[in-house]
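> Take a look at the following structure, please.
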Amino acid sequence: MSQITLSRILQSPFWQSPTVRLVGIYGSLSAIASVMLFPLLWLLSTALKSADENIFQSPPQLLPSHPTLEHIITVWQSNDFGRYLFNSSVVAIMSVSINLIFCALAAYPLARLEFKGKEAIFTLVVSTITIPFQIVMIPLYIIAVQLGLVNTYLGVILPNLASAFGIFLLRQAFQSVPKELEEAARMDGCWDIGIWWSVMLPAIRPSLVTLAIFVFIGAWSDFLWPLIILQDDTYYTLPLGVAKLAEGAFGLNWRLVAAGSVISIAPVLILFMFVQRFIVPTAAGSGVKG
């Protein structure tokens, strides 16, 4: 088929109709989503398959013939996964809370205040995004040791106290807020910290939620830094618990390893289901009329 013929077909009324284009868009998105979700579905399928099912059969069978929760229960009862879950929750919640506060405090003056060297400081902060964590890992570990943060929750969250990406994201969000809101607050006698807390933060809530999700996922799934800073398994997070599970007596039983991975992933999926409704475009200037 020639290029001219294909072009005529695509320009025909049938292919240009809104219904066909909508079906094509949703079909493409569904195909992409299926490819991205397949590893997760395969992991869940492996965790739910009974012991008499072959998880390596060809062609692969995604749906278990006899689904069971036996492996998930075994992993939970045979290992201290409750403690790992608690540690991961503490680390993730503390990381999100501190990161949002520090990034918002740093981004606000870079976006709304005028002072000498502001652009240079912002450029310097953003440029640190290009530095891999492995480069600063050793100096950060030395600092943590000198501060006595080894085997502590604060030591685990140390790299997540603030991030250049978070400062950049919130700075752009602050810049989108109309100045009329800020000026109205100043006329009411509100100071900068009050404007930041009462006016600016509510106006950029979708950006805050977006950053919170990124920080939560990063802190929840981090493996390298907790492995370095923690020697006491009492403070192990879920990724370290799953690694310990794979290296232990259950290392050859992929059903149990998959069950541990499902336990580790489930809280992230539940969190996203609850907060995704907040990630919507918002009119930051909805309070401005006239």
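Just so we're on the same page: first chain in the structure tokens is A, next is B, and so on; residues restart at 1 for each chain, and ligands are numbered from 1 in the order they show up.
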Could the residues of segment 206-225 of chain A that have an atom at most 12 Å from segment 65-88 of chain A be listed as CSV, each with its closest atom pair and the distance in Å to one decimal, counting only C-alpha atoms and ordered by chain and ascending residue number?

```
residue,atom,partner,partner_atom,distance
A:Phe216,CA,A:Ser88,CA,9.8
A:Ile217,CA,A:Ser88,CA,10.6
A:Gly218,CA,A:Ser88,CA,11.1
A:Ala219,CA,A:Ser88,CA,8.0
A:Trp220,CA,A:Ser88,CA,6.0
A:Ser221,CA,A:Ser88,CA,8.8
A:Asp222,CA,A:Ser88,CA,9.7
A:Phe223,CA,A:Ser88,CA,11.1
```
> Convert the current residue selection to file output with N, CA, C and O atoms, as a PDB file, in the first residue's frame.

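Okay, this is what ended up in part36.pdb:
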```pdb
ATOM      1  N   PHE A 216       7.027   9.466  49.198  1.00  0.00           N
ATOM      2  CA  PHE A 216       6.576   8.248  49.873  1.00  0.00           C
ATOM      3  C   PHE A 216       7.075   7.007  49.142  1.00  0.00           C
ATOM      4  O   PHE A 216       7.610   6.083  49.769  1.00  0.00           O
ATOM      5  N   ILE A 217       6.905   6.983  47.826  1.00  0.00           N
ATOM      6  CA  ILE A 217       7.349   5.813  47.058  1.00  0.00           C
ATOM      7  C   ILE A 217       8.863   5.654  47.152  1.00  0.00           C
ATOM      8  O   ILE A 217       9.385   4.537  47.309  1.00  0.00           O
ATOM      9  N   GLY A 218       9.590   6.776  47.065  1.00  0.00           N
ATOM     10  CA  GLY A 218      11.046   6.697  47.165  1.00  0.00           C
ATOM     11  C   GLY A 218      11.507   6.186  48.513  1.00  0.00           C
ATOM     12  O   GLY A 218      12.410   5.337  48.594  1.00  0.00           O
ATOM     13  N   ALA A 219      10.912   6.691  49.599  1.00  0.00           N
ATOM     14  CA  ALA A 219      11.300   6.257  50.935  1.00  0.00           C
ATOM     15  C   ALA A 219      10.855   4.827  51.213  1.00  0.00           C
ATOM     16  O   ALA A 219      11.555   4.061  51.872  1.00  0.00           O
ATOM     17  N   TRP A 220       9.673   4.458  50.708  1.00  0.00           N
ATOM     18  CA  TRP A 220       9.130   3.123  50.963  1.00  0.00           C
ATOM     19  C   TRP A 220       9.942   2.042  50.243  1.00  0.00           C
ATOM     20  O   TRP A 220      10.169   0.960  50.800  1.00  0.00           O
ATOM     21  N   SER A 221      10.361   2.323  49.030  1.00  0.00           N
ATOM     22  CA  SER A 221      11.038   1.304  48.219  1.00  0.00           C
ATOM     23  C   SER A 221      12.557   1.382  48.273  1.00  0.00           C
ATOM     24  O   SER A 221      13.237   0.577  47.626  1.00  0.00           O
ATOM     25  N   ASP A 222      13.108   2.331  49.027  1.00  0.00           N
ATOM     26  CA  ASP A 222      14.557   2.491  49.080  1.00  0.00           C
ATOM     27  C   ASP A 222      15.202   1.267  49.720  1.00  0.00           C
ATOM     28  O   ASP A 222      14.778   0.808  50.787  1.00  0.00           O
ATOM     29  N   PHE A 223      16.222   0.764  49.075  1.00  0.00           N
ATOM     30  CA  PHE A 223      16.913  -0.427  49.568  1.00  0.00           C
ATOM     31  C   PHE A 223      18.370  -0.146  49.935  1.00  0.00           C
ATOM     32  O   PHE A 223      18.863  -0.601  50.974  1.00  0.00           O
TER      33      PHE A 223
END
```
> Residues near segment 191-204 of chain A, anyone? I mean within 7 Å using only C-alpha atoms, not counting same-chain ones fewer than 2 positions away, as a list in words.
Ala173, Phe174, Val177, Glu182, Ala185, Arg186, Gly189, Pro206, Ser207, Leu208 and Ala284 of chain A
> For Gly166 of chain A, please output as a list in words all residues within 8 Å (counting only C-alpha atoms; exclusion window: fewer than 5 positions along the same chain).
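Counting only C-alpha atoms, the residues come to Asn99, Leu100, Cys103 and Leu211 of chain A.
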> When you count only C-alpha atoms, which of these residues is closest to Ser95 of chain A: A:Gly27, A:Pro59, A:Pro39, A:Gly155?
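So, comparing all the options, the nearest one is A:Gly155.
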> I want to know what sits within 12 Å of Thr130 of chain A, based on only C-alpha atoms, with residues of the same chain fewer than 6 positions away left out; could you give that as a ChimeraX atom specification?
/A:123-124,136,163-165
> Take the residues from that selection and write them out as a PDB file, in the first residue's frame, keeping C-alpha atoms.

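Produced file out-v6.pdb, reproduced below:
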```pdb
ATOM      1  CA  THR A 123      20.233  27.274  39.499  1.00  0.00           C
ATOM      2  CA  LEU A 124      22.671  25.773  41.991  1.00  0.00           C
ATOM      3  CA  VAL A 136      27.186  11.603  48.107  1.00  0.00           C
ATOM      4  CA  SER A 163      15.185  17.336  47.536  1.00  0.00           C
ATOM      5  CA  ALA A 164      16.102  19.563  44.623  1.00  0.00           C
ATOM      6  CA  PHE A 165      13.208  18.139  42.617  1.00  0.00           C
TER       7      PHE A 165
END
```
> I'd like to know which of A:Pro159, A:Pro18, A:Pro60, A:Pro132 is closest to Ile98 of chain A, using only C-alpha atoms.
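For Ile98 of chain A, the nearest of the given residues is A:Pro159.
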> So which one's closest to Leu110 of chain A, A:Ile138, A:Asn160, A:Ile55, A:Leu170? Using only C-alpha atoms, please.
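Going through A:Ile138, A:Asn160, A:Ile55, A:Leu170 one by one, the smallest distance to Leu110 of chain A is for A:Leu170.
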> Segment 60-195 of chain A: which residues are alpha helix (DSSP H) by DSSP, as a VMD selection string?
chain A and resid 70 to 78 81 to 112 118 to 127 133 to 146 153 to 157 164 to 175 179 to 187 192 to 195
> Nearest residue to Ser97 of chain A out of A:Val209, A:Val275, A:Leu230, A:Leu181, using only C-alpha atoms?
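Using only C-alpha atoms, the shortest distance to Ser97 of chain A belongs to A:Val209.
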> Rounded to one decimal in Å, what is the spacing between atom CA of Leu43 of chain A and atom CA of Leu238 of chain A?
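Rounded to one decimal, the two atoms are 16.3 Å apart.
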> Give me, as JSON lines, each residue of segment 168-256 of chain A that comes within 12 Å of segment 261-264 of chain A, together with its shortest interatomic pair and the distance in Å at one decimal, counting only C-alpha atoms, with rows ordered by chain and rising residue number.

```
{"residue": "A:Ile217", "atom": "CA", "partner": "A:Ser264", "partner_atom": "CA", "distance": 11.2}
{"residue": "A:Trp220", "atom": "CA", "partner": "A:Ser264", "partner_atom": "CA", "distance": 8.6}
{"residue": "A:Ser221", "atom": "CA", "partner": "A:Ser264", "partner_atom": "CA", "distance": 8.4}
{"residue": "A:Asp222", "atom": "CA", "partner": "A:Ser264", "partner_atom": "CA", "distance": 11.5}
{"residue": "A:Thr237", "atom": "CA", "partner": "A:Ser264", "partner_atom": "CA", "distance": 9.4}
{"residue": "A:Leu238", "atom": "CA", "partner": "A:Ser264", "partner_atom": "CA", "distance": 5.9}
{"residue": "A:Pro239", "atom": "CA", "partner": "A:Ser264", "partner_atom": "CA", "distance": 7.1}
{"residue": "A:Leu240", "atom": "CA", "partner": "A:Ser264", "partner_atom": "CA", "distance": 10.2}
{"residue": "A:Gly241", "atom": "CA", "partner": "A:Ser264", "partner_atom": "CA", "distance": 9.1}
{"residue": "A:Val242", "atom": "CA", "partner": "A:Ser261", "partner_atom": "CA", "distance": 6.4}
{"residue": "A:Ala243", "atom": "CA", "partner": "A:Ser261", "partner_atom": "CA", "distance": 9.4}
{"residue": "A:Lys244", "atom": "CA", "partner": "A:Ser261", "partner_atom": "CA", "distance": 11.6}
{"residue": "A:Leu245", "atom": "CA", "partner": "A:Ser261", "partner_atom": "CA", "distance": 9.8}
{"residue": "A:Ala246", "atom": "CA", "partner": "A:Ser261", "partner_atom": "CA", "distance": 10.1}
{"residue": "A:Trp254", "atom": "CA", "partner": "A:Ser261", "partner_atom": "CA", "distance": 10.3}
{"residue": "A:Arg255", "atom": "CA", "partner": "A:Ser261", "partner_atom": "CA", "distance": 9.9}
{"residue": "A:Leu256", "atom": "CA", "partner": "A:Ser261", "partner_atom": "CA", "distance": 8.6}
```
> Under the rule that only C-alpha atoms are counted, which of A:Tyr235, A:Val268, A:Ser30, A:Phe278 is the nearest residue to Leu154 of chain A?
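Residue with the minimum atom-to-atom distance to Leu154 of chain A: A:Tyr235.
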